[in-house]
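Here is the file coords-v3.txt (compact mmCIF, C-alpha atoms).
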# COMPACT_ATOMS: atom_id res chain seq x y z
CA MET L 1 18.36 62.89 -77.95
CA SER L 2 17.61 65.94 -75.81
CA TYR L 3 15.49 66.99 -72.89
CA TYR L 4 11.74 66.60 -73.50
CA PRO L 5 9.59 69.59 -72.41
CA LEU L 6 6.66 68.63 -70.22
CA THR L 7 3.27 69.23 -71.80
CA SER L 8 1.12 68.02 -68.93
CA ILE L 9 1.22 66.50 -65.47
CA PRO L 10 0.15 62.82 -65.46
CA ASP L 11 -3.42 62.66 -64.15
CA TYR L 12 -4.30 58.99 -64.17
CA TYR L 13 -7.12 59.31 -61.63
CA GLY L 14 -8.76 62.47 -62.96
CA ILE L 15 -7.56 64.58 -60.04
CA ASP L 16 -7.80 67.75 -62.11
CA ALA L 17 -11.59 67.52 -61.80
CA LEU L 18 -11.14 68.17 -58.08
CA LEU L 19 -9.16 71.37 -58.66
CA THR L 20 -10.68 74.79 -59.21
CA GLU L 21 -10.08 76.79 -62.37
CA GLU L 22 -7.92 79.12 -60.28
CA HIS L 23 -5.77 76.16 -59.18
CA LYS L 24 -5.22 75.14 -62.81
CA LEU L 25 -4.45 78.68 -63.93
CA ILE L 26 -1.88 79.12 -61.15
CA ARG L 27 -0.26 75.78 -62.00
CA GLN L 28 -0.06 76.61 -65.69
CA SER L 29 1.42 80.06 -65.12
CA VAL L 30 4.18 78.68 -62.88
CA ARG L 31 4.77 75.81 -65.33
CA ASP L 32 5.21 78.28 -68.19
CA TRP L 33 7.66 80.32 -66.11
CA VAL L 34 9.70 77.22 -65.22
CA GLU L 35 9.85 76.25 -68.88
CA SER L 36 11.04 79.70 -69.98
CA PHE L 37 13.24 80.82 -67.06
CA VAL L 38 14.52 77.72 -65.23
CA MET L 39 14.91 75.00 -67.86
CA PRO L 40 17.24 76.85 -70.26
CA GLN L 41 19.83 77.51 -67.54
CA ILE L 42 19.38 74.99 -64.72
CA ASP L 43 21.81 72.36 -66.01
CA GLN L 44 24.60 74.89 -66.43
CA ALA L 45 23.92 76.33 -62.97
CA ALA L 46 24.03 72.88 -61.37
CA GLN L 47 27.17 71.91 -63.30
CA ASN L 48 28.94 75.14 -62.30
CA HIS L 49 27.66 75.21 -58.70
CA THR L 50 26.07 78.65 -59.19
CA ASP L 51 22.61 79.97 -58.37
CA LEU L 52 20.20 81.36 -60.94
CA PRO L 53 20.71 85.15 -61.29
CA GLY L 54 17.75 87.20 -60.12
CA LEU L 55 15.85 84.10 -58.97
CA MET L 56 14.19 85.58 -55.89
CA LYS L 57 12.85 88.63 -57.70
CA GLU L 58 11.55 86.38 -60.46
CA LEU L 59 9.82 84.17 -57.88
CA GLY L 60 8.33 87.30 -56.34
CA ARG L 61 7.16 88.52 -59.72
CA ILE L 62 5.18 85.34 -60.40
CA GLY L 63 3.68 85.27 -56.88
CA ALA L 64 5.54 82.18 -55.67
CA LEU L 65 6.79 83.71 -52.41
CA GLY L 66 4.38 83.46 -49.50
CA PRO L 67 1.35 82.88 -51.76
CA TYR L 68 -0.87 82.10 -48.74
CA ILE L 69 0.19 85.29 -46.90
CA PRO L 70 -2.68 87.85 -46.71
CA VAL L 71 -2.84 90.39 -49.52
CA GLU L 72 -2.47 93.27 -47.04
CA TYR L 73 1.08 92.08 -46.32
CA GLY L 74 2.10 91.53 -49.93
CA GLY L 75 0.98 87.92 -50.39
CA SER L 76 -1.69 86.58 -52.72
CA GLY L 77 -4.03 85.16 -50.08
CA LEU L 78 -4.19 81.79 -51.85
CA ASP L 79 -5.19 78.47 -50.32
CA GLN L 80 -2.89 75.61 -49.39
CA ILE L 81 -3.57 73.55 -52.52
CA SER L 82 -2.45 76.52 -54.63
CA TYR L 83 0.74 76.68 -52.57
CA GLY L 84 1.32 72.97 -53.13
CA LEU L 85 0.79 73.20 -56.88
CA ILE L 86 3.28 76.08 -57.06
CA MET L 87 5.87 74.01 -55.19
CA GLN L 88 5.22 71.06 -57.52
CA GLU L 89 5.92 73.10 -60.63
CA LEU L 90 9.01 74.77 -59.15
CA GLU L 91 10.58 71.46 -58.19
CA ARG L 92 9.94 70.05 -61.61
CA GLY L 93 12.48 72.68 -62.61
CA ASP L 94 14.87 71.94 -59.74
CA SER L 95 14.78 71.27 -56.00
CA ALA L 96 17.02 74.31 -55.52
CA VAL L 97 14.34 76.57 -56.99
CA ARG L 98 11.61 75.06 -54.81
CA SER L 99 13.91 75.25 -51.77
CA ALA L 100 14.48 78.97 -52.30
CA ALA L 101 10.73 79.60 -52.46
CA SER L 102 9.95 77.14 -49.67
CA VAL L 103 12.41 78.70 -47.21
CA GLN L 104 11.25 82.21 -48.00
CA SER L 105 7.57 81.24 -47.73
CA SER L 106 7.31 78.63 -44.98
CA LEU L 107 10.35 79.31 -42.83
CA VAL L 108 10.65 83.10 -42.98
CA MET L 109 7.34 84.67 -44.03
CA PHE L 110 5.17 82.12 -42.20
CA PRO L 111 6.65 82.74 -38.72
CA ILE L 112 6.64 86.51 -39.17
CA ASN L 113 2.99 86.38 -40.26
CA GLU L 114 2.04 83.87 -37.55
CA PHE L 115 4.07 85.08 -34.59
CA GLY L 116 5.31 88.55 -35.51
CA SER L 117 4.10 91.97 -34.40
CA GLU L 118 2.08 94.19 -36.70
CA GLU L 119 5.16 96.36 -37.17
CA GLN L 120 7.28 93.34 -38.16
CA LYS L 121 4.66 92.15 -40.65
CA LYS L 122 4.47 95.54 -42.35
CA LYS L 123 8.25 96.01 -42.34
CA TYR L 124 9.33 92.64 -43.73
CA LEU L 125 6.52 90.70 -45.44
CA PRO L 126 5.89 92.91 -48.50
CA GLN L 127 9.60 93.02 -49.36
CA LEU L 128 9.95 89.27 -48.83
CA ALA L 129 6.89 88.60 -51.01
CA ALA L 130 8.39 90.68 -53.82
CA GLY L 131 11.77 88.96 -53.57
CA GLU L 132 13.37 92.32 -52.85
CA MET L 133 14.50 90.94 -49.50
CA ILE L 134 15.88 87.42 -49.09
CA GLY L 135 15.34 85.48 -45.87
CA SER L 136 16.88 82.43 -44.24
CA PHE L 137 15.89 80.23 -41.30
CA GLY L 138 18.24 79.27 -38.48
CA LEU L 139 17.38 76.14 -36.50
CA THR L 140 19.84 73.32 -37.36
CA GLU L 141 23.20 73.58 -35.61
CA PRO L 142 26.60 71.89 -36.11
CA ASN L 143 25.91 69.54 -33.19
CA HIS L 144 22.12 69.37 -33.31
CA GLY L 145 19.98 68.48 -36.34
CA SER L 146 17.13 66.10 -35.54
CA ASP L 147 17.23 67.18 -31.86
CA PRO L 148 16.53 70.94 -31.90
CA SER L 149 15.68 70.95 -28.19
CA SER L 150 19.42 70.60 -27.48
CA MET L 151 20.33 73.77 -29.40
CA GLU L 152 23.28 75.74 -28.06
CA THR L 153 22.56 79.14 -29.63
CA THR L 154 21.57 81.57 -26.87
CA ILE L 155 20.14 85.03 -26.28
CA ARG L 156 20.70 87.13 -23.17
CA ASP L 157 18.52 90.04 -22.13
CA MET L 158 20.84 93.04 -21.86
CA GLY L 159 18.14 95.54 -20.93
CA ASP L 160 17.71 97.51 -24.13
CA HIS L 161 18.65 94.65 -26.50
CA TYR L 162 19.36 90.92 -26.72
CA LEU L 163 22.86 89.48 -27.11
CA LEU L 164 22.88 86.57 -29.55
CA ASN L 165 25.64 83.95 -29.69
CA GLY L 166 25.92 80.64 -31.52
CA ALA L 167 25.91 79.12 -35.00
CA LYS L 168 23.50 77.46 -37.42
CA MET L 169 24.45 75.36 -40.43
CA TRP L 170 23.03 73.83 -43.62
CA ILE L 171 21.10 77.06 -44.16
CA THR L 172 19.55 77.65 -47.60
CA ASN L 173 20.02 81.23 -48.82
CA ALA L 174 22.42 82.04 -45.94
CA PRO L 175 25.12 83.70 -48.11
CA LEU L 176 22.46 85.84 -49.82
CA CYS L 177 20.08 86.63 -46.97
CA ASP L 178 19.11 90.12 -45.87
CA ILE L 179 17.41 88.77 -42.74
CA ALA L 180 17.37 85.50 -40.82
CA VAL L 181 14.65 84.13 -38.56
CA VAL L 182 16.78 82.57 -35.82
CA TRP L 183 15.74 80.33 -32.95
CA ALA L 184 17.74 80.49 -29.71
CA LYS L 185 17.41 79.67 -26.00
CA ASN L 186 16.94 82.44 -23.44
CA GLU L 187 18.33 82.42 -19.90
CA GLU L 188 15.48 80.17 -18.77
CA GLY L 189 16.22 77.65 -21.50
CA LYS L 190 13.08 78.51 -23.48
CA VAL L 191 13.28 78.77 -27.27
CA GLN L 192 12.46 82.14 -28.82
CA GLY L 193 12.60 83.51 -32.35
CA LEU L 194 14.37 86.65 -33.49
CA ILE L 195 14.75 88.51 -36.77
CA VAL L 196 18.46 89.14 -37.37
CA GLU L 197 19.41 91.68 -40.03
CA ARG L 198 22.43 91.45 -42.33
CA GLU L 199 24.07 94.67 -41.15
CA MET L 200 24.09 93.73 -37.46
CA GLU L 201 27.67 93.62 -36.21
CA GLY L 202 28.97 90.13 -35.43
CA PHE L 203 26.60 88.38 -37.88
CA THR L 204 28.39 86.45 -40.66
CA THR L 205 27.25 83.89 -43.24
CA PRO L 206 30.12 81.74 -44.59
CA GLU L 207 29.15 79.72 -47.66
CA THR L 208 29.17 75.91 -47.77
CA HIS L 209 31.15 74.65 -50.78
CA ASN L 210 31.78 71.29 -52.50
CA LYS L 211 28.18 70.05 -52.42
CA TRP L 212 27.14 67.18 -54.67
CA SER L 213 23.49 68.13 -54.15
CA LEU L 214 21.40 71.31 -54.58
CA ARG L 215 24.26 72.78 -56.55
CA ALA L 216 22.11 75.56 -58.00
CA SER L 217 21.34 76.80 -54.48
CA LYS L 218 23.44 78.84 -52.07
CA THR L 219 23.94 77.10 -48.72
CA GLY L 220 25.88 78.37 -45.74
CA GLU L 221 26.12 79.00 -42.03
CA LEU L 222 24.70 81.68 -39.76
CA VAL L 223 27.31 82.68 -37.18
CA PHE L 224 26.51 85.02 -34.29
CA ASN L 225 29.30 86.58 -32.26
CA ASN L 226 27.83 88.90 -29.62
CA VAL L 227 25.20 90.17 -32.05
CA LYS L 228 23.09 92.96 -30.57
CA VAL L 229 19.49 92.36 -31.62
CA PRO L 230 16.94 95.11 -30.85
CA LYS L 231 14.09 93.98 -28.62
CA GLU L 232 11.56 94.89 -31.28
CA ASN L 233 13.07 92.11 -33.43
CA LEU L 234 11.88 89.37 -31.06
CA LEU L 235 8.90 87.41 -32.42
CA PRO L 236 6.38 88.11 -29.64
CA GLY L 237 3.74 85.52 -30.51
CA VAL L 238 5.41 82.26 -29.50
CA THR L 239 7.75 80.67 -26.96
CA GLY L 240 9.12 77.14 -27.12
CA LEU L 241 9.71 74.63 -29.92
CA LYS L 242 6.13 75.07 -31.14
CA GLY L 243 7.42 78.07 -33.10
CA PRO L 244 10.10 76.45 -35.27
CA LEU L 245 8.25 73.13 -35.53
CA SER L 246 5.15 74.81 -36.92
CA CYS L 247 7.39 76.39 -39.57
CA LEU L 248 8.80 72.97 -40.42
CA ASN L 249 5.28 71.58 -40.78
CA SER L 250 4.52 74.20 -43.40
CA ALA L 251 7.81 73.51 -45.20
CA ARG L 252 7.33 69.73 -45.10
CA TYR L 253 3.88 70.15 -46.60
CA GLY L 254 5.36 72.13 -49.49
CA ILE L 255 8.07 69.51 -49.99
CA SER L 256 5.51 66.71 -50.19
CA TRP L 257 3.97 68.49 -53.20
CA GLY L 258 7.26 69.70 -54.65
CA VAL L 259 8.92 66.33 -55.07
CA ILE L 260 6.02 65.15 -57.21
CA GLY L 261 7.28 67.66 -59.77
CA ALA L 262 10.77 66.14 -59.74
CA ALA L 263 9.30 62.64 -60.12
CA VAL L 264 7.06 63.75 -62.98
CA ASP L 265 9.97 65.36 -64.82
CA CYS L 266 11.88 62.06 -64.67
CA TYR L 267 8.82 59.98 -65.55
CA CYS L 268 7.83 62.03 -68.61
CA THR L 269 11.38 62.00 -69.90
CA ALA L 270 11.62 58.23 -69.44
CA VAL L 271 8.30 57.61 -71.22
CA GLN L 272 9.30 59.68 -74.24
CA TYR L 273 12.78 58.15 -74.39
CA SER L 274 11.36 54.61 -74.16
CA LYS L 275 9.22 55.28 -77.23
CA GLU L 276 12.07 56.72 -79.31
CA ARG L 277 15.07 54.62 -78.30
CA ARG L 278 15.32 51.43 -80.33
CA GLN L 279 17.25 48.29 -79.43
CA PHE L 280 17.07 44.87 -81.12
CA GLY L 281 14.87 46.37 -83.81
CA LYS L 282 12.09 47.89 -81.69
CA PRO L 283 11.47 50.64 -79.09
CA ILE L 284 12.72 49.76 -75.63
CA GLY L 285 9.25 50.72 -74.35
CA SER L 286 7.95 47.53 -75.93
CA TYR L 287 9.90 45.35 -73.48
CA GLN L 288 8.21 44.05 -70.35
CA LEU L 289 10.85 45.21 -67.88
CA GLN L 290 10.68 48.81 -69.14
CA GLN L 291 6.88 48.81 -69.03
CA LYS L 292 7.01 47.42 -65.49
CA LYS L 293 9.15 50.39 -64.40
CA LEU L 294 6.95 52.95 -66.14
CA ALA L 295 3.77 51.43 -64.70
CA GLU L 296 5.24 51.51 -61.20
CA PHE L 297 6.35 55.13 -61.66
CA LEU L 298 2.85 56.23 -62.64
CA THR L 299 1.27 54.25 -59.80
CA GLU L 300 3.52 55.86 -57.19
CA ILE L 301 3.06 59.37 -58.64
CA THR L 302 -0.73 58.91 -58.57
CA LYS L 303 -0.66 57.75 -54.95
CA ALA L 304 1.48 60.75 -54.01
CA GLN L 305 -0.91 63.12 -55.81
CA LEU L 306 -3.90 61.75 -53.91
CA LEU L 307 -2.02 61.94 -50.61
CA CYS L 308 -1.17 65.59 -51.20
CA LEU L 309 -4.60 66.60 -52.40
CA GLN L 310 -6.31 65.31 -49.27
CA LEU L 311 -3.55 66.75 -47.09
CA GLY L 312 -4.15 70.09 -48.79
CA ASN L 313 -7.85 69.85 -47.99
CA LEU L 314 -6.99 69.15 -44.36
CA LYS L 315 -4.56 72.08 -44.32
CA ASN L 316 -7.24 74.39 -45.71
CA GLU L 317 -9.52 73.30 -42.85
CA HIS L 318 -6.70 73.66 -40.27
CA LYS L 319 -7.05 69.95 -39.50
CA ALA L 320 -3.75 68.55 -40.81
CA SER L 321 -1.70 67.05 -38.00
CA PRO L 322 2.12 67.16 -37.89
CA ALA L 323 2.12 63.34 -38.13
CA GLN L 324 0.00 63.42 -41.29
CA ILE L 325 2.40 65.93 -42.84
CA SER L 326 5.36 63.74 -41.85
CA MET L 327 3.79 60.75 -43.60
CA ALA L 328 3.37 62.68 -46.84
CA LYS L 329 6.87 64.15 -46.74
CA ARG L 330 8.49 60.78 -46.09
CA ASN L 331 6.44 58.81 -48.63
CA ASN L 332 6.66 61.31 -51.44
CA VAL L 333 10.38 62.06 -51.20
CA LYS L 334 11.16 58.32 -51.20
CA MET L 335 8.85 57.92 -54.19
CA ALA L 336 10.61 60.71 -56.08
CA ILE L 337 14.18 59.58 -55.40
CA ASP L 338 13.31 56.00 -56.41
CA ILE L 339 11.81 57.20 -59.69
CA ALA L 340 14.81 59.45 -60.37
CA ARG L 341 17.19 56.52 -59.90
CA GLU L 342 15.16 53.93 -61.81
CA SER L 343 14.29 56.26 -64.69
CA ARG L 344 18.00 56.97 -65.10
CA GLN L 345 18.46 53.27 -65.83
CA ILE L 346 15.84 53.40 -68.60
CA LEU L 347 18.04 55.94 -70.36
CA GLY L 348 21.15 53.82 -69.89
CA GLY L 349 24.35 55.78 -70.40
CA MET L 350 22.44 58.82 -71.64
CA GLY L 351 20.87 59.07 -68.20
CA ILE L 352 24.06 60.49 -66.71
CA MET L 353 24.19 63.40 -69.16
CA GLY L 354 23.19 66.94 -68.26
CA GLU L 355 20.82 67.08 -71.21
CA PHE L 356 18.51 64.86 -69.18
CA PRO L 357 17.27 65.65 -65.64
CA MET L 358 17.55 62.31 -63.82
CA MET L 359 20.97 62.57 -62.21
CA ARG L 360 20.40 66.18 -61.17
CA HIS L 361 17.05 65.34 -59.56
CA ALA L 362 18.47 62.23 -57.88
CA ALA L 363 21.37 64.19 -56.39
CA ASN L 364 19.06 66.98 -55.21
CA LEU L 365 16.65 64.55 -53.61
CA GLU L 366 19.48 63.13 -51.50
CA SER L 367 19.30 66.46 -49.64
CA VAL L 368 15.51 66.64 -49.63
CA ILE L 369 15.20 63.17 -48.09
CA THR L 370 17.36 64.43 -45.20
CA TYR L 371 16.32 68.02 -44.57
CA GLU L 372 13.14 69.15 -42.79
CA GLY L 373 13.25 65.85 -40.89
CA THR L 374 15.15 62.79 -42.07
CA HIS L 375 13.47 59.78 -43.67
CA ASP L 376 13.94 57.72 -40.51
CA VAL L 377 12.77 60.44 -38.12
CA HIS L 378 9.50 60.81 -40.05
CA LEU L 379 9.03 57.06 -39.80
CA LEU L 380 9.34 57.31 -36.01
CA ILE L 381 6.88 60.21 -35.93
CA THR L 382 4.34 57.92 -37.58
CA GLY L 383 5.29 55.14 -35.18
CA LEU L 384 4.70 57.44 -32.21
CA ASP L 385 1.31 58.41 -33.63
CA ILE L 386 0.36 54.74 -34.00
CA THR L 387 1.55 53.46 -30.62
CA GLY L 388 1.70 56.50 -28.38
CA ILE L 389 5.22 55.41 -27.46
CA ASN L 390 8.15 57.75 -28.21
CA ALA L 391 11.01 55.82 -29.86
CA PHE L 392 13.39 58.80 -30.02
As structure tokens, how would this structure be written, given the file I've shared?
Amino acid sequence: MSYYPLTSIPDYYGIDALLTEEHKLIRQSVRDWVESFVMPQIDQAAQNHTDLPGLMKELGRIGALGPYIPVEYGGSGLDQISYGLIMQELERGDSAVRSAASVQSSLVMFPINEFGSEEQKKKYLPQLAAGEMIGSFGLTEPNHGSDPSSMETTIRDMGDHYLLNGAKMWITNAPLCDIAVVWAKNEEGKVQGLIVEREMEGFTTPETHNKWSLRASKTGELVFNNVKVPKENLLPGVTGLKGPLSCLNSARYGISWGVIGAAVDCYCTAVQYSKERRQFGKPIGSYQLQQKKLAEFLTEITKAQLLCLQLGNLKNEHKASPAQISMAKRNNVKMAIDIARESRQILGGMGIMGEFPMMRHAANLESVITYEGTHDVHLLITGLDITGINAF
């Protein structure tokens, strides 16, 4: 037995009829790239705890970095459904690949495009879109994850520059980043965003080791020790938590699409295996309990696809609320991790082998279900939207 290449995404409700030809072409091109570039080396990278060489430039080459950024700044000017489909195909390869693109797109390029000056957009966005510059996003701190309003990282106005002090952790791309979009409190306690560059003195990025999850991705800290940040590096278009939270909304939207890809990879592998693996004289797919699992997988994938498609329509119309995005992120990640775990059981002992994707996806999704808002926090966001009462 070996890994089964994916020939098509399950489309039980004819959702493809609602996509444009451009949507389908974009999806197919990213799918082909994942099959040729990611799949041959992802297991080895995850086993060895190493990233994929040249990944960011490859992602830039296929247009997966900031695809909704305007063409004038190096993006492709695509719509939000295109962005979602790209994330779906990337995460079918591995959550680490989607995370790299998601951070660069939604947490670095998005705030620069949304809140940056014209000079900042021209300086950074084209290089980020091409993957020639790698970005990271600094919000989560050692003592503050789900409660960013309590952040301890600070900036002080020193006249001709800002002095930045503090630390961020669990940062994707930190050890590799050329720039970091960092959120800190000023003297008045208001949150502001800055673009910190690698060569600035006092800025270090120690790597986080010994992860059981996202092993093909570089994770680290952002540490600031009296870092002098030029005033022109302040994001001028926003003050307060609206800035970082709007970035997280964009990232959560991408995740809600992305995890469908991980679920589909596990589902398709389980279906093929169930037809080929024989026990007691017949394929295991002929047994009721296996069919029950496969039917439930397809049902949950279909529900997630419909949720994302309508959310994408709302995003295109600038009508998607943060609470709607939270619902999709929470539902779809839980769906994907459940399918990864249950599909592993269909493969029995073979399910733990690197030749099959289940264990790798399941381990990765343990991170995805926590980052960009934990499973429980998203539940409370929905609860707040229902009752108007804050349970935090």
Answer as number ranges by chain, residues within 12 Å of (5.8, 65.8, -58.0) using all atoms listed in the file: L: 9-11, 84-95, 98, 254-268, 297-298, 300-309, 328-329, 331-337, 339-340, 361, 365
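Distances to L:Tyr124 were evaluated for L:Asp43, L:Asp157, L:Asp178, L:Asp51 using only C-alpha atoms, and the minimum falls at L:Asp178.
With only C-alpha atoms as the atoms that count, the minimum distance from L:Gln345 to the choices L:Leu25, L:Leu311, L:Leu294, L:Met169 is reached by L:Leu294.
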Rank nothing, just name the residue among L:Lys242, L:Arg277, L:Lys218, L:Lys121 nearest to L:Ile195, using all atoms listed in the file.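 Comparing L:Lys242, L:Arg277, L:Lys218, L:Lys121 against L:Ile195, the winner is L:Lys121.
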Hey, could you pull the box centre and edge lengths for stretch 235-241 of chain L, axis-aligned, 5 Å padding per side, all listed atoms, to one decimal in Å, as lines of an AutoDock Vina configuration file?
center_x = 6.7
center_y = 81.4
center_z = -29.7
size_x = 16.0
size_y = 23.5
size_z = 15.5
Taken to one decimal, the atom CA of L:Thr239-atom CA of L:Met109 distance is 17.5 Å
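Between L:Lys315 and the residues L:Ala167, L:Ile81, L:Leu248, L:Val377, the shortest atom-to-atom distance, using all atoms listed in the file, involves L:Ile81.
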Up to 12 Å from (0.3, 60.1, -37.9) in the file's coordinates: name the residues, counting all atoms listed in the file, as a list in words. Leu311, Ala320, Ser321, Pro322, Ala323, Gln324, Ile325, Ser326, Met327, Ala328, Lys329, Arg330, His378, Leu379, Leu380, Ile381, Thr382, Gly383, Leu384, Asp385, Ile386, Thr387 and Gly388 of chain L
Could you write out that same residue set with C-alpha atoms as an mmCIF file, keeping the file's coordinate frame?
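Wrote again_31.cif, looks like this:
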data_model
loop_
_atom_site.group_PDB
_atom_site.id
_atom_site.type_symbol
_atom_site.label_atom_id
_atom_site.label_comp_id
_atom_site.auth_asym_id
_atom_site.auth_seq_id
_atom_site.Cartn_x
_atom_site.Cartn_y
_atom_site.Cartn_z
ATOM 1 C CA LEU L 311 -3.550 66.750 -47.090
ATOM 2 C CA ALA L 320 -3.750 68.550 -40.810
ATOM 3 C CA SER L 321 -1.700 67.050 -38.000
ATOM 4 C CA PRO L 322 2.120 67.160 -37.890
ATOM 5 C CA ALA L 323 2.120 63.340 -38.130
ATOM 6 C CA GLN L 324 0.000 63.420 -41.290
ATOM 7 C CA ILE L 325 2.400 65.930 -42.840
ATOM 8 C CA SER L 326 5.360 63.740 -41.850
ATOM 9 C CA MET L 327 3.790 60.750 -43.600
ATOM 10 C CA ALA L 328 3.370 62.680 -46.840
ATOM 11 C CA LYS L 329 6.870 64.150 -46.740
ATOM 12 C CA ARG L 330 8.490 60.780 -46.090
ATOM 13 C CA HIS L 378 9.500 60.810 -40.050
ATOM 14 C CA LEU L 379 9.030 57.060 -39.800
ATOM 15 C CA LEU L 380 9.340 57.310 -36.010
ATOM 16 C CA ILE L 381 6.880 60.210 -35.930
ATOM 17 C CA THR L 382 4.340 57.920 -37.580
ATOM 18 C CA GLY L 383 5.290 55.140 -35.180
ATOM 19 C CA LEU L 384 4.700 57.440 -32.210
ATOM 20 C CA ASP L 385 1.310 58.410 -33.630
ATOM 21 C CA ILE L 386 0.360 54.740 -34.000
ATOM 22 C CA THR L 387 1.550 53.460 -30.620
ATOM 23 C CA GLY L 388 1.700 56.500 -28.380
#
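Across L:Lys211, L:Arg278, L:Arg198, L:Lys293, the tightest approach to L:Glu366 is made by L:Lys211 when counting all atoms listed in the file.
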Please provide the set of residues having any atom within 10 Å of L:Ile179, restricted to all atoms listed in the file, with same-chain residues fewer than 4 positions apart removed, written as a list in words.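 Contacts, in chain order: Val108, Tyr124, Leu128, Met133, Ile134, Gly135, Ser136, Phe137, Ala174, Leu194, Ile195, Val196, Glu197, Arg198, Glu199 and Met200 of chain L.
The residue that comes closest to L:Pro175, out of L:Asn390, L:Asn113, L:Thr140, L:Ser217 and on the basis of only C-alpha atoms, is L:Ser217.
Put simply, atom CA of L:Arg341 is 21.1 Å away from atom CA of L:Ala45.
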Between atom CA of L:Gly14 and atom CA of L:Gln291, measure the distance and give it in Å to one decimal.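 Atom CA of L:Gln291 lies 21.6 Å from atom CA of L:Gly14.
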Selection near L:Val227, 7 Å with only C-alpha atoms, sequence-local residues under 2 positions removed, as a count of residues only: 10
Please identify all polymer residues within 8 Å of L:Leu125, counting all atoms listed in the file, omitting same-chain residues fewer than 5 positions from it, and present them as a PyMOL selection string. chain L and resi 73-75+109+112-113+120
